[in-house]
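Inspection log for the structure reproduced underneath, given as structure tokens.
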Amino acid sequence: MSFIIIRTYRGAALTSGAALTLVCYALRRRGAEPWETLRVEQFAGSGGALSIARPVRIVRVALADYALPPLRHLRDGQR
């Protein structure tokens, strides 16, 4: 598993956009492709924060048109 660690000093917090930018920059510097989606976990301490970013797999689901009516009935509590 790949991950990237970002350390920020006291008073400097990362927004989700800033974390995405830094992770993409770090990956490009290593010659790697940016991750399609990522998860960032932040841990705050007295001296700053530690952010750990890792890629997240995307699960894509495709439903056939004929599967939608029975699913709508289930969602609405009908049988």
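Ordering of the structure tokens sets the chain letters (A, B, ...), residue numbers begin anew at 1 in every chain, and ligands are numbered from 1 in the order given.
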* Name the residues of region 16-53 of chain A that fall into alpha helix (DSSP H) according to DSSP on the backbone, using the chain letters and numbers of this document, as a ChimeraX atom specification. => /A:16-29
Atoms kept (N, CA, C and O atoms) for selection, written as a compact mmCIF listing (two decimals), in the first residue's frame:
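Generated file (out_12.txt):
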```txt
# COMPACT_ATOMS: atom_id res chain seq x y z
N SER A 16 -9.08 20.12 2.76
CA SER A 16 -9.07 18.96 1.86
C SER A 16 -8.45 19.31 0.51
O SER A 16 -7.73 18.51 -0.08
N GLY A 17 -8.70 20.53 0.02
CA GLY A 17 -8.11 20.96 -1.24
C GLY A 17 -6.60 21.09 -1.17
O GLY A 17 -5.88 20.71 -2.09
N ALA A 18 -6.11 21.61 -0.04
CA ALA A 18 -4.67 21.76 0.13
C ALA A 18 -4.00 20.39 0.22
O ALA A 18 -2.92 20.17 -0.35
N ALA A 19 -4.63 19.47 0.93
CA ALA A 19 -4.08 18.11 1.04
C ALA A 19 -4.02 17.45 -0.33
O ALA A 19 -3.01 16.82 -0.68
N LEU A 20 -5.08 17.59 -1.11
CA LEU A 20 -5.10 17.02 -2.46
C LEU A 20 -3.98 17.60 -3.32
O LEU A 20 -3.27 16.87 -4.01
N THR A 21 -3.79 18.90 -3.25
CA THR A 21 -2.74 19.56 -4.03
C THR A 21 -1.36 19.06 -3.62
O THR A 21 -0.52 18.74 -4.48
N LEU A 22 -1.11 18.97 -2.32
CA LEU A 22 0.20 18.51 -1.85
C LEU A 22 0.46 17.05 -2.21
O LEU A 22 1.57 16.68 -2.59
N VAL A 23 -0.55 16.21 -2.11
CA VAL A 23 -0.38 14.80 -2.46
C VAL A 23 -0.10 14.65 -3.95
O VAL A 23 0.81 13.91 -4.35
N CYS A 24 -0.84 15.34 -4.79
CA CYS A 24 -0.61 15.28 -6.24
C CYS A 24 0.80 15.76 -6.58
O CYS A 24 1.49 15.17 -7.41
N TYR A 25 1.23 16.83 -5.93
CA TYR A 25 2.57 17.36 -6.15
C TYR A 25 3.64 16.34 -5.75
O TYR A 25 4.59 16.09 -6.50
N ALA A 26 3.47 15.71 -4.60
CA ALA A 26 4.43 14.72 -4.13
C ALA A 26 4.49 13.51 -5.07
O ALA A 26 5.57 13.00 -5.37
N LEU A 27 3.33 13.07 -5.55
CA LEU A 27 3.31 11.93 -6.47
C LEU A 27 3.99 12.27 -7.79
O LEU A 27 4.76 11.47 -8.32
N ARG A 28 3.72 13.46 -8.32
CA ARG A 28 4.36 13.86 -9.58
C ARG A 28 5.87 13.98 -9.43
O ARG A 28 6.62 13.65 -10.34
N ARG A 29 6.33 14.45 -8.28
CA ARG A 29 7.78 14.56 -8.04
C ARG A 29 8.44 13.20 -8.04
O ARG A 29 9.61 13.06 -8.40
```
From a DSSP pass on the backbone, collect the residues of chain A flagged as strand (DSSP E) and hand them back as an NGL selection string.
:A and (4-9 or 38-45 or 48-55)
(message) Applying 10 Å and only C-alpha atoms, which residues near Arg57 (chain A) remain after dropping the ones on its own chain fewer than 6 positions away? List them as a ChimeraX atom specification.
(response) /A:35-38
Export of the given selection (all heavy atoms) as a CSV table (one decimal), in the first residue's frame:
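result17.csv, freshly written:
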```
chain,number,residue,atom,x,y,z
A,35,TRP,N,-3.4,9.9,-7.6
A,35,TRP,CA,-4.4,9.0,-7.3
A,35,TRP,C,-5.8,9.6,-7.7
A,35,TRP,O,-6.0,10.8,-7.6
A,35,TRP,CB,-4.4,8.7,-5.8
A,35,TRP,CG,-3.2,8.1,-5.3
A,35,TRP,CD1,-2.3,7.3,-6.0
A,35,TRP,CD2,-2.6,8.3,-4.0
A,35,TRP,NE1,-1.3,6.9,-5.2
A,35,TRP,CE2,-1.4,7.6,-4.0
A,35,TRP,CE3,-2.9,9.0,-2.9
A,35,TRP,CZ2,-0.6,7.5,-2.8
A,35,TRP,CZ3,-2.1,9.0,-1.8
A,35,TRP,CH2,-1.0,8.2,-1.7
A,36,GLU,N,-6.7,8.7,-8.1
A,36,GLU,CA,-8.0,9.1,-8.5
A,36,GLU,C,-8.8,9.6,-7.4
A,36,GLU,O,-9.5,10.6,-7.4
A,36,GLU,CB,-8.7,8.0,-9.2
A,36,GLU,CG,-10.0,8.3,-9.9
A,36,GLU,CD,-10.5,7.2,-10.8
A,36,GLU,OE1,-9.8,6.3,-11.1
A,36,GLU,OE2,-11.7,7.3,-11.1
A,37,THR,N,-8.8,8.9,-6.3
A,37,THR,CA,-9.4,9.3,-5.0
A,37,THR,C,-8.5,9.0,-3.9
A,37,THR,O,-7.7,8.1,-4.0
A,37,THR,CB,-10.8,8.6,-4.8
A,37,THR,OG1,-10.5,7.2,-4.7
A,37,THR,CG2,-11.8,9.0,-5.8
A,38,LEU,N,-8.6,9.8,-2.8
A,38,LEU,CA,-7.7,9.6,-1.7
A,38,LEU,C,-8.5,9.9,-0.4
A,38,LEU,O,-9.5,10.5,-0.4
A,38,LEU,CB,-6.5,10.4,-1.8
A,38,LEU,CG,-6.6,11.9,-1.8
A,38,LEU,CD1,-6.4,12.5,-0.5
A,38,LEU,CD2,-5.6,12.4,-2.8
```
Please list as a VMD selection string every residue within 10 Å of Ala53 (chain A), counting only C-alpha atoms and excluding residues in the same chain fewer than 2 positions away. chain A and resid 2 to 6 19 to 20 22 to 23 38 to 42 50 to 51 55 to 56
Take the residues from that selection and write them out as a CSV table (one decimal), in the first residue's frame, keeping all heavy atoms.
```csv
chain,number,residue,atom,x,y,z
A,2,SER,N,0.5,2.2,-0.8
A,2,SER,CA,1.2,3.5,-0.8
A,2,SER,C,0.6,4.5,0.1
A,2,SER,O,-0.6,4.4,0.3
A,2,SER,CB,1.2,4.0,-2.2
A,2,SER,OG,1.9,3.2,-3.1
A,3,PHE,N,1.3,5.4,0.7
A,3,PHE,CA,0.8,6.4,1.5
A,3,PHE,C,1.8,7.6,1.4
A,3,PHE,O,3.0,7.4,1.1
A,3,PHE,CB,0.5,6.0,2.9
A,3,PHE,CG,1.7,5.5,3.6
A,3,PHE,CD1,2.4,6.4,4.4
A,3,PHE,CD2,2.0,4.2,3.6
A,3,PHE,CE1,3.6,5.9,5.1
A,3,PHE,CE2,3.1,3.7,4.3
A,3,PHE,CZ,3.9,4.6,5.0
A,4,ILE,N,1.3,8.8,1.8
A,4,ILE,CA,2.1,10.0,1.8
A,4,ILE,C,1.8,10.6,3.2
A,4,ILE,O,0.7,10.7,3.6
A,4,ILE,CB,1.8,10.9,0.7
A,4,ILE,CG1,2.2,10.3,-0.6
A,4,ILE,CG2,2.4,12.3,0.9
A,4,ILE,CD1,1.9,11.2,-1.8
A,5,ILE,N,2.9,11.0,3.9
A,5,ILE,CA,2.8,11.7,5.2
A,5,ILE,C,3.1,13.2,5.0
A,5,ILE,O,4.2,13.5,4.4
A,5,ILE,CB,3.7,11.0,6.2
A,5,ILE,CG1,3.2,9.6,6.4
A,5,ILE,CG2,3.7,11.8,7.5
A,5,ILE,CD1,4.1,8.8,7.3
A,6,ILE,N,2.3,14.0,5.5
A,6,ILE,CA,2.5,15.5,5.4
A,6,ILE,C,2.5,16.0,6.9
A,6,ILE,O,1.6,15.7,7.6
A,6,ILE,CB,1.4,16.2,4.6
A,6,ILE,CG1,1.3,15.6,3.2
A,6,ILE,CG2,1.6,17.7,4.6
A,6,ILE,CD1,0.1,16.0,2.5
A,19,ALA,N,-4.6,19.5,0.9
A,19,ALA,CA,-4.1,18.1,1.0
A,19,ALA,C,-4.0,17.4,-0.3
A,19,ALA,O,-3.0,16.8,-0.7
A,19,ALA,CB,-4.9,17.3,2.0
A,20,LEU,N,-5.1,17.6,-1.1
A,20,LEU,CA,-5.1,17.0,-2.5
A,20,LEU,C,-4.0,17.6,-3.3
A,20,LEU,O,-3.3,16.9,-4.0
A,20,LEU,CB,-6.5,17.3,-3.1
A,20,LEU,CG,-6.6,16.8,-4.6
A,20,LEU,CD1,-6.5,15.3,-4.6
A,20,LEU,CD2,-8.0,17.2,-5.1
A,22,LEU,N,-1.1,19.0,-2.3
A,22,LEU,CA,0.2,18.5,-1.8
A,22,LEU,C,0.5,17.1,-2.2
A,22,LEU,O,1.6,16.7,-2.6
A,22,LEU,CB,0.3,18.7,-0.3
A,22,LEU,CG,0.5,20.1,0.1
A,22,LEU,CD1,0.4,20.2,1.6
A,22,LEU,CD2,1.8,20.7,-0.4
A,23,VAL,N,-0.6,16.2,-2.1
A,23,VAL,CA,-0.4,14.8,-2.5
A,23,VAL,C,-0.1,14.6,-3.9
A,23,VAL,O,0.8,13.9,-4.3
A,23,VAL,CB,-1.6,14.0,-2.0
A,23,VAL,CG1,-1.6,12.6,-2.6
A,23,VAL,CG2,-1.7,13.9,-0.5
A,38,LEU,N,-8.6,9.8,-2.8
A,38,LEU,CA,-7.7,9.6,-1.7
A,38,LEU,C,-8.5,9.9,-0.4
A,38,LEU,O,-9.5,10.5,-0.4
A,38,LEU,CB,-6.5,10.4,-1.8
A,38,LEU,CG,-6.6,11.9,-1.8
A,38,LEU,CD1,-6.4,12.5,-0.5
A,38,LEU,CD2,-5.6,12.4,-2.8
A,39,ARG,N,-7.9,9.4,0.7
A,39,ARG,CA,-8.4,9.6,2.0
A,39,ARG,C,-7.3,10.2,2.8
A,39,ARG,O,-6.2,9.7,2.8
A,39,ARG,CB,-8.9,8.3,2.7
A,39,ARG,CG,-9.5,8.5,4.0
A,39,ARG,CD,-10.1,7.2,4.6
A,39,ARG,NE,-10.6,7.4,5.9
A,39,ARG,CZ,-11.8,7.8,6.2
A,39,ARG,NH1,-12.7,8.0,5.2
A,39,ARG,NH2,-12.3,7.9,7.4
A,40,VAL,N,-7.6,11.3,3.5
A,40,VAL,CA,-6.6,11.9,4.4
A,40,VAL,C,-7.1,11.9,5.8
A,40,VAL,O,-8.2,12.3,6.1
A,40,VAL,CB,-6.4,13.4,3.9
A,40,VAL,CG1,-5.4,14.1,4.8
A,40,VAL,CG2,-5.9,13.5,2.5
A,41,GLU,N,-6.2,11.4,6.7
A,41,GLU,CA,-6.5,11.4,8.1
A,41,GLU,C,-5.5,12.3,8.8
A,41,GLU,O,-4.3,12.3,8.5
A,41,GLU,CB,-6.4,10.0,8.7
A,41,GLU,CG,-7.4,9.0,8.0
A,41,GLU,CD,-7.1,7.6,8.5
A,41,GLU,OE1,-7.2,7.3,9.7
A,41,GLU,OE2,-7.0,6.7,7.6
A,42,GLN,N,-6.0,13.2,9.6
A,42,GLN,CA,-5.2,14.2,10.3
A,42,GLN,C,-5.2,13.9,11.8
A,42,GLN,O,-6.2,13.6,12.4
A,42,GLN,CB,-5.7,15.6,10.0
A,42,GLN,CG,-5.5,16.0,8.6
A,42,GLN,CD,-5.9,17.4,8.3
A,42,GLN,OE1,-6.3,18.1,9.2
A,42,GLN,NE2,-5.7,17.8,7.1
A,50,LEU,N,-0.1,15.9,11.8
A,50,LEU,CA,0.4,14.9,10.9
A,50,LEU,C,-0.8,14.4,10.1
A,50,LEU,O,-1.8,14.0,10.6
A,50,LEU,CB,1.0,13.7,11.7
A,50,LEU,CG,1.6,12.6,10.9
A,50,LEU,CD1,2.9,13.1,10.3
A,50,LEU,CD2,1.9,11.4,11.8
A,51,SER,N,-0.6,14.5,8.8
A,51,SER,CA,-1.7,14.0,7.8
A,51,SER,C,-1.1,12.8,7.1
A,51,SER,O,0.0,12.9,6.6
A,51,SER,CB,-2.0,15.2,6.8
A,51,SER,OG,-2.5,16.3,7.5
A,55,PRO,N,-4.4,6.1,-1.1
A,55,PRO,CA,-5.4,6.0,-2.2
A,55,PRO,C,-6.6,5.2,-1.7
A,55,PRO,O,-6.5,4.3,-0.8
A,55,PRO,CB,-4.6,5.3,-3.3
A,55,PRO,CG,-3.6,4.5,-2.6
A,55,PRO,CD,-3.2,5.3,-1.4
A,56,VAL,N,-7.7,5.4,-2.3
A,56,VAL,CA,-9.0,4.7,-2.0
A,56,VAL,C,-9.5,4.1,-3.3
A,56,VAL,O,-9.5,4.7,-4.3
A,56,VAL,CB,-10.0,5.6,-1.4
A,56,VAL,CG1,-11.3,4.9,-1.2
A,56,VAL,CG2,-9.5,6.2,-0.1
```
- Message: Considering only C-alpha atoms, can you say which of A:Gly48, A:Ala62, A:Arg72, A:Arg30 comes closest to Leu14 (chain A)?
- Response: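 Of A:Gly48, A:Ala62, A:Arg72, A:Arg30, the one nearest Leu14 (chain A) is A:Gly48, counting only C-alpha atoms.
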Next item on the list: Work out how far apart CA of Ala32 (chain A) and CA of Ala44 (chain A) are and give it in Å to one decimal.
Entry: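 It comes out at 28.2 Å.
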In Å and to one decimal, CA of Arg10 (chain A) is distant from CA of Gly45 (chain A) by 8.1 Å
